[in-house]
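Note: the block below is entry_21.cif and it holds mmCIF, N, CA and C atoms and all ligand atoms.
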data_work
loop_
_atom_site.label_atom_id
_atom_site.label_comp_id
_atom_site.auth_asym_id
_atom_site.auth_seq_id
_atom_site.Cartn_x
_atom_site.Cartn_y
_atom_site.Cartn_z
N MET I 1 0.83 -1.20 0.00
CA MET I 1 0.00 0.00 0.00
C MET I 1 0.87 1.26 0.00
N LEU I 2 0.34 2.31 -0.58
CA LEU I 2 1.10 3.55 -0.73
C LEU I 2 1.32 4.29 0.59
N TRP I 3 0.44 4.01 1.54
CA TRP I 3 0.61 4.66 2.85
C TRP I 3 1.82 4.05 3.54
N SER I 4 2.57 4.85 4.26
CA SER I 4 3.67 4.28 5.03
C SER I 4 3.72 4.94 6.40
N LYS I 5 4.40 4.28 7.30
CA LYS I 5 4.46 4.75 8.68
C LYS I 5 5.01 6.17 8.79
N SER I 6 5.83 6.54 7.82
CA SER I 6 6.42 7.88 7.87
C SER I 6 5.35 8.97 7.73
N LEU I 7 4.14 8.57 7.30
CA LEU I 7 3.06 9.54 7.12
C LEU I 7 2.19 9.68 8.38
N GLU I 8 2.53 8.90 9.41
CA GLU I 8 1.74 8.94 10.63
C GLU I 8 1.82 10.32 11.30
N THR I 9 0.65 10.79 11.78
CA THR I 9 0.65 12.07 12.51
C THR I 9 0.58 11.83 14.02
N GLY I 10 0.15 10.64 14.39
CA GLY I 10 -0.01 10.35 15.82
C GLY I 10 -1.41 10.69 16.32
N ILE I 11 -2.24 11.24 15.46
CA ILE I 11 -3.65 11.46 15.83
C ILE I 11 -4.44 10.34 15.17
N ASN I 12 -5.02 9.50 16.01
CA ASN I 12 -5.62 8.27 15.53
C ASN I 12 -6.65 8.44 14.41
N LEU I 13 -7.62 9.32 14.64
CA LEU I 13 -8.70 9.51 13.66
C LEU I 13 -8.12 9.94 12.31
N ILE I 14 -7.21 10.87 12.35
CA ILE I 14 -6.62 11.38 11.11
C ILE I 14 -5.81 10.28 10.41
N ASP I 15 -5.03 9.55 11.17
CA ASP I 15 -4.22 8.48 10.56
C ASP I 15 -5.10 7.40 9.92
N GLU I 16 -6.18 7.04 10.60
CA GLU I 16 -7.07 6.01 10.04
C GLU I 16 -7.71 6.51 8.74
N GLN I 17 -8.11 7.77 8.73
CA GLN I 17 -8.71 8.33 7.51
C GLN I 17 -7.69 8.43 6.38
N HIS I 18 -6.48 8.82 6.72
CA HIS I 18 -5.43 8.86 5.69
C HIS I 18 -5.20 7.47 5.10
N LYS I 19 -5.18 6.47 5.96
CA LYS I 19 -4.97 5.09 5.46
C LYS I 19 -6.08 4.71 4.49
N GLU I 20 -7.31 5.07 4.84
CA GLU I 20 -8.44 4.75 3.96
C GLU I 20 -8.28 5.47 2.61
N LEU I 21 -7.85 6.72 2.66
CA LEU I 21 -7.62 7.46 1.41
C LEU I 21 -6.61 6.71 0.54
N PHE I 22 -5.53 6.28 1.15
CA PHE I 22 -4.50 5.59 0.37
C PHE I 22 -4.97 4.22 -0.12
N ARG I 23 -5.81 3.56 0.67
CA ARG I 23 -6.37 2.28 0.20
C ARG I 23 -7.15 2.48 -1.10
N GLN I 24 -7.92 3.55 -1.14
CA GLN I 24 -8.71 3.83 -2.35
C GLN I 24 -7.81 4.20 -3.52
N VAL I 25 -6.75 4.96 -3.23
CA VAL I 25 -5.82 5.32 -4.29
C VAL I 25 -5.11 4.07 -4.82
N ASP I 26 -4.81 3.13 -3.92
CA ASP I 26 -4.22 1.86 -4.35
C ASP I 26 -5.11 1.19 -5.39
N ILE I 27 -6.42 1.20 -5.14
CA ILE I 27 -7.36 0.58 -6.08
C ILE I 27 -7.29 1.30 -7.43
N LEU I 28 -7.25 2.63 -7.34
CA LEU I 28 -7.21 3.44 -8.58
C LEU I 28 -5.98 3.16 -9.43
N LEU I 29 -4.89 2.86 -8.76
CA LEU I 29 -3.65 2.65 -9.51
C LEU I 29 -3.42 1.19 -9.89
N ASP I 30 -4.33 0.33 -9.47
CA ASP I 30 -4.21 -1.08 -9.78
C ASP I 30 -4.83 -1.36 -11.16
N GLN I 31 -3.96 -1.57 -12.11
CA GLN I 31 -4.43 -1.70 -13.50
C GLN I 31 -5.22 -2.98 -13.74
N SER I 32 -5.04 -3.96 -12.84
CA SER I 32 -5.76 -5.21 -13.05
C SER I 32 -7.18 -5.11 -12.51
N ASN I 33 -7.51 -3.95 -11.98
CA ASN I 33 -8.79 -3.79 -11.30
C ASN I 33 -9.59 -2.62 -11.85
N GLU I 34 -9.52 -2.43 -13.15
CA GLU I 34 -10.07 -1.21 -13.73
C GLU I 34 -11.57 -1.05 -13.52
N ASN I 35 -12.26 -2.16 -13.34
CA ASN I 35 -13.72 -2.05 -13.13
C ASN I 35 -14.07 -1.45 -11.77
N ARG I 36 -13.08 -1.35 -10.89
CA ARG I 36 -13.36 -0.75 -9.57
C ARG I 36 -12.93 0.72 -9.51
N HIS I 37 -12.37 1.22 -10.59
CA HIS I 37 -11.83 2.59 -10.56
C HIS I 37 -12.90 3.65 -10.37
N LYS I 38 -14.01 3.47 -11.10
CA LYS I 38 -15.07 4.47 -11.03
C LYS I 38 -15.60 4.58 -9.59
N GLU I 39 -15.86 3.42 -9.03
CA GLU I 39 -16.35 3.34 -7.65
C GLU I 39 -15.36 3.99 -6.67
N ALA I 40 -14.07 3.73 -6.88
CA ALA I 40 -13.05 4.30 -5.98
C ALA I 40 -13.01 5.82 -6.09
N LEU I 41 -13.16 6.33 -7.31
CA LEU I 41 -13.15 7.79 -7.51
C LEU I 41 -14.33 8.45 -6.81
N ILE I 42 -15.48 7.83 -6.94
CA ILE I 42 -16.68 8.40 -6.32
C ILE I 42 -16.58 8.31 -4.80
N PHE I 43 -16.06 7.19 -4.33
CA PHE I 43 -15.84 7.06 -2.89
C PHE I 43 -14.86 8.12 -2.40
N LEU I 44 -13.75 8.26 -3.11
CA LEU I 44 -12.73 9.23 -2.72
C LEU I 44 -13.28 10.64 -2.65
N ASP I 45 -14.07 10.99 -3.62
CA ASP I 45 -14.66 12.32 -3.66
C ASP I 45 -15.42 12.60 -2.36
N LYS I 46 -16.24 11.66 -1.95
CA LYS I 46 -17.01 11.82 -0.71
C LYS I 46 -16.12 11.76 0.52
N TYR I 47 -15.18 10.82 0.49
CA TYR I 47 -14.36 10.59 1.68
C TYR I 47 -13.39 11.74 1.93
N ILE I 48 -12.91 12.34 0.86
CA ILE I 48 -12.03 13.51 0.99
C ILE I 48 -12.79 14.62 1.72
N GLN I 49 -14.04 14.83 1.32
CA GLN I 49 -14.86 15.86 1.97
C GLN I 49 -15.01 15.58 3.46
N LYS I 50 -15.34 14.34 3.75
CA LYS I 50 -15.55 13.96 5.15
C LYS I 50 -14.26 14.15 5.95
N HIS I 51 -13.18 13.65 5.38
CA HIS I 51 -11.90 13.75 6.07
C HIS I 51 -11.51 15.21 6.31
N PHE I 52 -11.63 16.03 5.28
CA PHE I 52 -11.27 17.44 5.43
C PHE I 52 -12.16 18.10 6.48
N SER I 53 -13.43 17.79 6.45
CA SER I 53 -14.30 18.49 7.40
C SER I 53 -14.04 18.01 8.84
N ASP I 54 -13.72 16.73 9.03
CA ASP I 54 -13.34 16.26 10.38
C ASP I 54 -12.07 16.96 10.86
N GLU I 55 -11.11 17.08 9.94
CA GLU I 55 -9.84 17.70 10.32
C GLU I 55 -10.06 19.18 10.65
N GLN I 56 -10.85 19.84 9.83
CA GLN I 56 -11.11 21.26 10.06
C GLN I 56 -11.84 21.49 11.39
N LYS I 57 -12.71 20.56 11.72
CA LYS I 57 -13.44 20.69 12.97
C LYS I 57 -12.48 20.56 14.15
N MET I 58 -11.57 19.58 14.05
CA MET I 58 -10.57 19.42 15.13
C MET I 58 -9.72 20.68 15.26
N GLN I 59 -9.41 21.28 14.13
CA GLN I 59 -8.57 22.47 14.16
C GLN I 59 -9.32 23.65 14.78
N ALA I 60 -10.56 23.82 14.36
CA ALA I 60 -11.35 24.93 14.91
C ALA I 60 -11.58 24.71 16.41
N ASP I 61 -11.95 23.49 16.78
CA ASP I 61 -12.22 23.20 18.19
C ASP I 61 -11.00 23.41 19.08
N SER I 62 -9.83 23.13 18.52
CA SER I 62 -8.62 23.26 19.34
C SER I 62 -7.97 24.63 19.16
N LYS I 63 -8.67 25.52 18.45
CA LYS I 63 -8.18 26.89 18.21
C LYS I 63 -6.81 26.93 17.55
N TYR I 64 -6.64 26.02 16.60
CA TYR I 64 -5.38 25.99 15.84
C TYR I 64 -5.23 27.31 15.08
N PRO I 65 -4.10 27.99 15.25
CA PRO I 65 -3.96 29.32 14.64
C PRO I 65 -4.03 29.31 13.10
N LYS I 66 -3.73 28.18 12.48
CA LYS I 66 -3.74 28.13 11.01
C LYS I 66 -4.99 27.47 10.44
N THR I 67 -6.06 27.46 11.21
CA THR I 67 -7.30 26.81 10.77
C THR I 67 -7.79 27.32 9.41
N VAL I 68 -7.81 28.63 9.25
CA VAL I 68 -8.34 29.22 8.03
C VAL I 68 -7.44 28.91 6.83
N GLN I 69 -6.15 29.05 7.06
CA GLN I 69 -5.16 28.77 6.02
C GLN I 69 -5.24 27.29 5.59
N HIS I 70 -5.38 26.42 6.58
CA HIS I 70 -5.43 24.98 6.29
C HIS I 70 -6.69 24.63 5.49
N LYS I 71 -7.78 25.26 5.85
CA LYS I 71 -9.03 25.01 5.13
C LYS I 71 -8.90 25.42 3.66
N LYS I 72 -8.15 26.48 3.44
CA LYS I 72 -7.94 26.95 2.06
C LYS I 72 -7.20 25.89 1.23
N PHE I 73 -6.21 25.23 1.84
CA PHE I 73 -5.52 24.13 1.13
C PHE I 73 -6.52 23.05 0.74
N HIS I 74 -7.39 22.72 1.68
CA HIS I 74 -8.39 21.68 1.42
C HIS I 74 -9.34 22.11 0.30
N ASP I 75 -9.85 23.33 0.41
CA ASP I 75 -10.82 23.82 -0.59
C ASP I 75 -10.20 23.82 -1.99
N ASP I 76 -8.97 24.31 -2.08
CA ASP I 76 -8.29 24.33 -3.38
C ASP I 76 -8.14 22.91 -3.91
N TYR I 77 -7.82 22.00 -3.00
CA TYR I 77 -7.58 20.64 -3.46
C TYR I 77 -8.85 19.95 -3.96
N VAL I 78 -9.96 20.24 -3.32
CA VAL I 78 -11.23 19.65 -3.75
C VAL I 78 -11.49 20.02 -5.22
N ILE I 79 -11.19 21.25 -5.58
CA ILE I 79 -11.39 21.69 -6.97
C ILE I 79 -10.49 20.90 -7.93
N VAL I 80 -9.24 20.76 -7.55
CA VAL I 80 -8.28 20.01 -8.37
C VAL I 80 -8.71 18.55 -8.51
N PHE I 81 -9.10 17.95 -7.38
CA PHE I 81 -9.49 16.55 -7.41
C PHE I 81 -10.72 16.32 -8.28
N ARG I 82 -11.70 17.22 -8.14
CA ARG I 82 -12.94 17.08 -8.91
C ARG I 82 -12.68 17.12 -10.41
N LYS I 83 -11.77 18.01 -10.82
CA LYS I 83 -11.42 18.11 -12.23
C LYS I 83 -10.83 16.80 -12.73
N LEU I 84 -9.91 16.29 -11.93
CA LEU I 84 -9.26 15.03 -12.28
C LEU I 84 -10.29 13.90 -12.34
N LYS I 85 -11.17 13.88 -11.38
CA LYS I 85 -12.20 12.84 -11.33
C LYS I 85 -13.07 12.88 -12.60
N GLU I 86 -13.52 14.06 -12.96
CA GLU I 86 -14.36 14.20 -14.15
C GLU I 86 -13.62 13.71 -15.40
N LYS I 87 -12.37 14.12 -15.51
CA LYS I 87 -11.56 13.75 -16.66
C LYS I 87 -11.39 12.22 -16.72
N TYR I 88 -11.11 11.65 -15.57
CA TYR I 88 -10.89 10.21 -15.51
C TYR I 88 -12.17 9.44 -15.82
N LEU I 89 -13.28 9.92 -15.28
CA LEU I 89 -14.55 9.22 -15.53
C LEU I 89 -14.91 9.28 -17.01
N LYS I 90 -14.52 10.36 -17.67
CA LYS I 90 -14.81 10.49 -19.08
C LYS I 90 -13.87 9.65 -19.94
N GLU I 91 -12.60 9.70 -19.60
CA GLU I 91 -11.59 9.08 -20.47
C GLU I 91 -11.22 7.66 -20.07
N GLY I 92 -11.45 7.32 -18.81
CA GLY I 92 -11.04 6.00 -18.35
C GLY I 92 -9.54 5.93 -18.11
N PRO I 93 -9.08 4.76 -17.69
CA PRO I 93 -7.67 4.64 -17.34
C PRO I 93 -6.76 4.73 -18.57
N SER I 94 -5.64 5.35 -18.39
CA SER I 94 -4.62 5.40 -19.43
C SER I 94 -3.31 5.69 -18.71
N PRO I 95 -2.18 5.41 -19.34
CA PRO I 95 -0.91 5.71 -18.65
C PRO I 95 -0.84 7.18 -18.24
N ALA I 96 -1.35 8.07 -19.10
CA ALA I 96 -1.28 9.50 -18.78
C ALA I 96 -2.15 9.82 -17.57
N ASN I 97 -3.34 9.24 -17.53
CA ASN I 97 -4.22 9.51 -16.39
C ASN I 97 -3.68 8.89 -15.10
N ASN I 98 -3.06 7.74 -15.22
CA ASN I 98 -2.46 7.14 -14.03
C ASN I 98 -1.32 8.00 -13.49
N MET I 99 -0.57 8.58 -14.43
CA MET I 99 0.52 9.46 -14.01
C MET I 99 -0.03 10.67 -13.28
N GLU I 100 -1.13 11.15 -13.80
CA GLU I 100 -1.75 12.33 -13.18
C GLU I 100 -2.28 11.99 -11.78
N ILE I 101 -2.84 10.82 -11.63
CA ILE I 101 -3.31 10.41 -10.30
C ILE I 101 -2.14 10.32 -9.34
N ASN I 102 -1.06 9.76 -9.83
CA ASN I 102 0.13 9.65 -9.00
C ASN I 102 0.61 11.01 -8.53
N LYS I 103 0.62 11.94 -9.47
CA LYS I 103 1.13 13.27 -9.14
C LYS I 103 0.10 14.05 -8.32
N THR I 104 -1.11 14.09 -8.82
CA THR I 104 -2.13 14.97 -8.23
C THR I 104 -2.71 14.42 -6.95
N VAL I 105 -2.93 13.14 -6.88
CA VAL I 105 -3.55 12.59 -5.68
C VAL I 105 -2.49 12.13 -4.68
N VAL I 106 -1.63 11.22 -5.11
CA VAL I 106 -0.62 10.69 -4.19
C VAL I 106 0.35 11.78 -3.77
N GLY I 107 0.85 12.52 -4.76
CA GLY I 107 1.82 13.58 -4.48
C GLY I 107 1.26 14.63 -3.54
N TRP I 108 0.06 15.10 -3.85
CA TRP I 108 -0.53 16.14 -3.01
C TRP I 108 -0.75 15.64 -1.59
N LEU I 109 -1.34 14.45 -1.49
CA LEU I 109 -1.64 13.90 -0.16
C LEU I 109 -0.38 13.79 0.69
N LYS I 110 0.66 13.22 0.08
CA LYS I 110 1.89 13.03 0.85
C LYS I 110 2.47 14.36 1.30
N ASP I 111 2.56 15.30 0.37
CA ASP I 111 3.13 16.61 0.72
C ASP I 111 2.29 17.29 1.80
N HIS I 112 0.99 17.23 1.61
CA HIS I 112 0.08 17.90 2.55
C HIS I 112 0.19 17.28 3.96
N ILE I 113 0.21 15.96 4.00
CA ILE I 113 0.29 15.28 5.29
C ILE I 113 1.62 15.58 5.97
N LEU I 114 2.71 15.44 5.20
CA LEU I 114 4.03 15.59 5.79
C LEU I 114 4.30 17.00 6.29
N VAL I 115 3.73 17.99 5.64
CA VAL I 115 3.99 19.36 6.06
C VAL I 115 2.84 19.89 6.94
N HIS I 116 1.66 19.99 6.36
CA HIS I 116 0.59 20.74 7.02
C HIS I 116 -0.14 19.93 8.10
N ASP I 117 -0.43 18.67 7.81
CA ASP I 117 -1.12 17.87 8.84
C ASP I 117 -0.18 17.59 10.01
N ARG I 118 1.07 17.36 9.70
CA ARG I 118 2.08 17.15 10.75
C ARG I 118 2.19 18.37 11.65
N GLU I 119 2.16 19.54 11.03
CA GLU I 119 2.28 20.78 11.80
C GLU I 119 1.09 20.90 12.76
N PHE I 120 -0.09 20.59 12.23
CA PHE I 120 -1.27 20.62 13.10
C PHE I 120 -1.14 19.58 14.21
N ALA I 121 -0.69 18.38 13.86
CA ALA I 121 -0.59 17.30 14.85
C ALA I 121 0.34 17.70 15.99
N THR I 122 1.43 18.35 15.65
CA THR I 122 2.36 18.78 16.68
C THR I 122 1.68 19.75 17.64
N TYR I 123 0.94 20.67 17.06
CA TYR I 123 0.18 21.64 17.88
C TYR I 123 -0.84 20.91 18.75
N TYR I 124 -1.63 20.05 18.10
CA TYR I 124 -2.75 19.37 18.77
C TYR I 124 -2.24 18.51 19.93
N LYS I 125 -1.15 17.80 19.69
CA LYS I 125 -0.64 16.91 20.73
C LYS I 125 -0.01 17.70 21.88
N SER I 126 0.47 18.91 21.57
CA SER I 126 1.08 19.72 22.62
C SER I 126 0.04 20.24 23.63
N LEU I 127 -1.23 20.17 23.23
CA LEU I 127 -2.29 20.66 24.13
C LEU I 127 -2.64 19.67 25.22
N LYS I 128 -2.26 18.40 25.00
CA LYS I 128 -2.69 17.37 25.94
C LYS I 128 -1.80 17.32 27.18
FE FE R 1 -5.23 18.53 6.06
#

Would you write out, as structure tokens, the structure that this file holds?
Ligand SMILES: [Fe+2]
Amino acid sequence: MLWSKSLETGINLIDEQHKELFRQVDILLDQSNENRHKEALIFLDKYIQKHFSDEQKMQADSKYPKTVQHKKFHDDYVIVFRKLKEKYLKEGPSPANNMEINKTVVGWLKDHILVHDREFATYYKSLK
């Protein structure tokens, strides 16, 4: 699976949701499973929303100083993801689309988790 321990934030709910996101991305990148791609994209679309809103709620509730800035990253990403989803649903799998998923979904998630979610996790855990 694409998720690895190095992506752990130490906040259980967030880590479990991140793992689920990566499980779905694994399905998307599995070429032997193309009939499940559409379903995975639709699931991801909904699950990304849920995950972002849970994370934003934790940030607001804990008075994280970067709550607004972090939400902006999420909002921008939803737009990017939706575009990719529409394109993929129309065109189906192809090496080019798989590359885009790798870059746009996997790349973004990893960068976002390693920098911004980690930063929040450090703050959140320091409150306990
Ligand atoms: Fe986030």

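A straight-line distance of 26.6 Å separates atom C of I:Ile79 from atom N of I:Ser62.
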
(request) One decimal, Å: what's the distance from atom C of I:Glu34 over to atom C of I:Tyr88, could you say? (result) 10.8 Å

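Counting all atoms listed in the file, the residue from I:Asp76, I:Asp61, I:Asp30, I:Glu55 that sits nearest to ligand FE 1 (chain R) is I:Glu55.
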
(request) Just the alpha helix (DSSP H) stuff from stretch 15-102 of chain I, please, per backbone DSSP, written as a ChimeraX atom specification. (result) /I:15-29,37-61,67-91,95-101

Please, which residues in chain I fall within 8 Å of ligand FE 1 (chain R) when counting all atoms listed in the file, and what is the closest atom pair and distance in Å to one decimal for each, ordered by chain then residue number, as CSV?
residue,atom,partner,partner_atom,distance
I:His51,C,R:FE1,FE,7.1
I:Phe52,CA,R:FE1,FE,6.2
I:Glu55,CA,R:FE1,FE,6.3
I:Gln56,N,R:FE1,FE,6.9
I:His70,C,R:FE1,FE,6.3
I:Lys71,N,R:FE1,FE,7.2
I:Phe73,C,R:FE1,FE,7.1
I:His74,N,R:FE1,FE,6.4
I:His112,C,R:FE1,FE,5.9
I:Ile113,N,R:FE1,FE,6.4
I:His116,C,R:FE1,FE,5.7
I:Asp117,CA,R:FE1,FE,5.0
I:Arg118,N,R:FE1,FE,7.4

(request) State, in Å with one decimal place, the distance from atom CA of I:Glu91 to atom N of I:Val106. (result)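 Here the two named atoms are 18.4 Å from each other.
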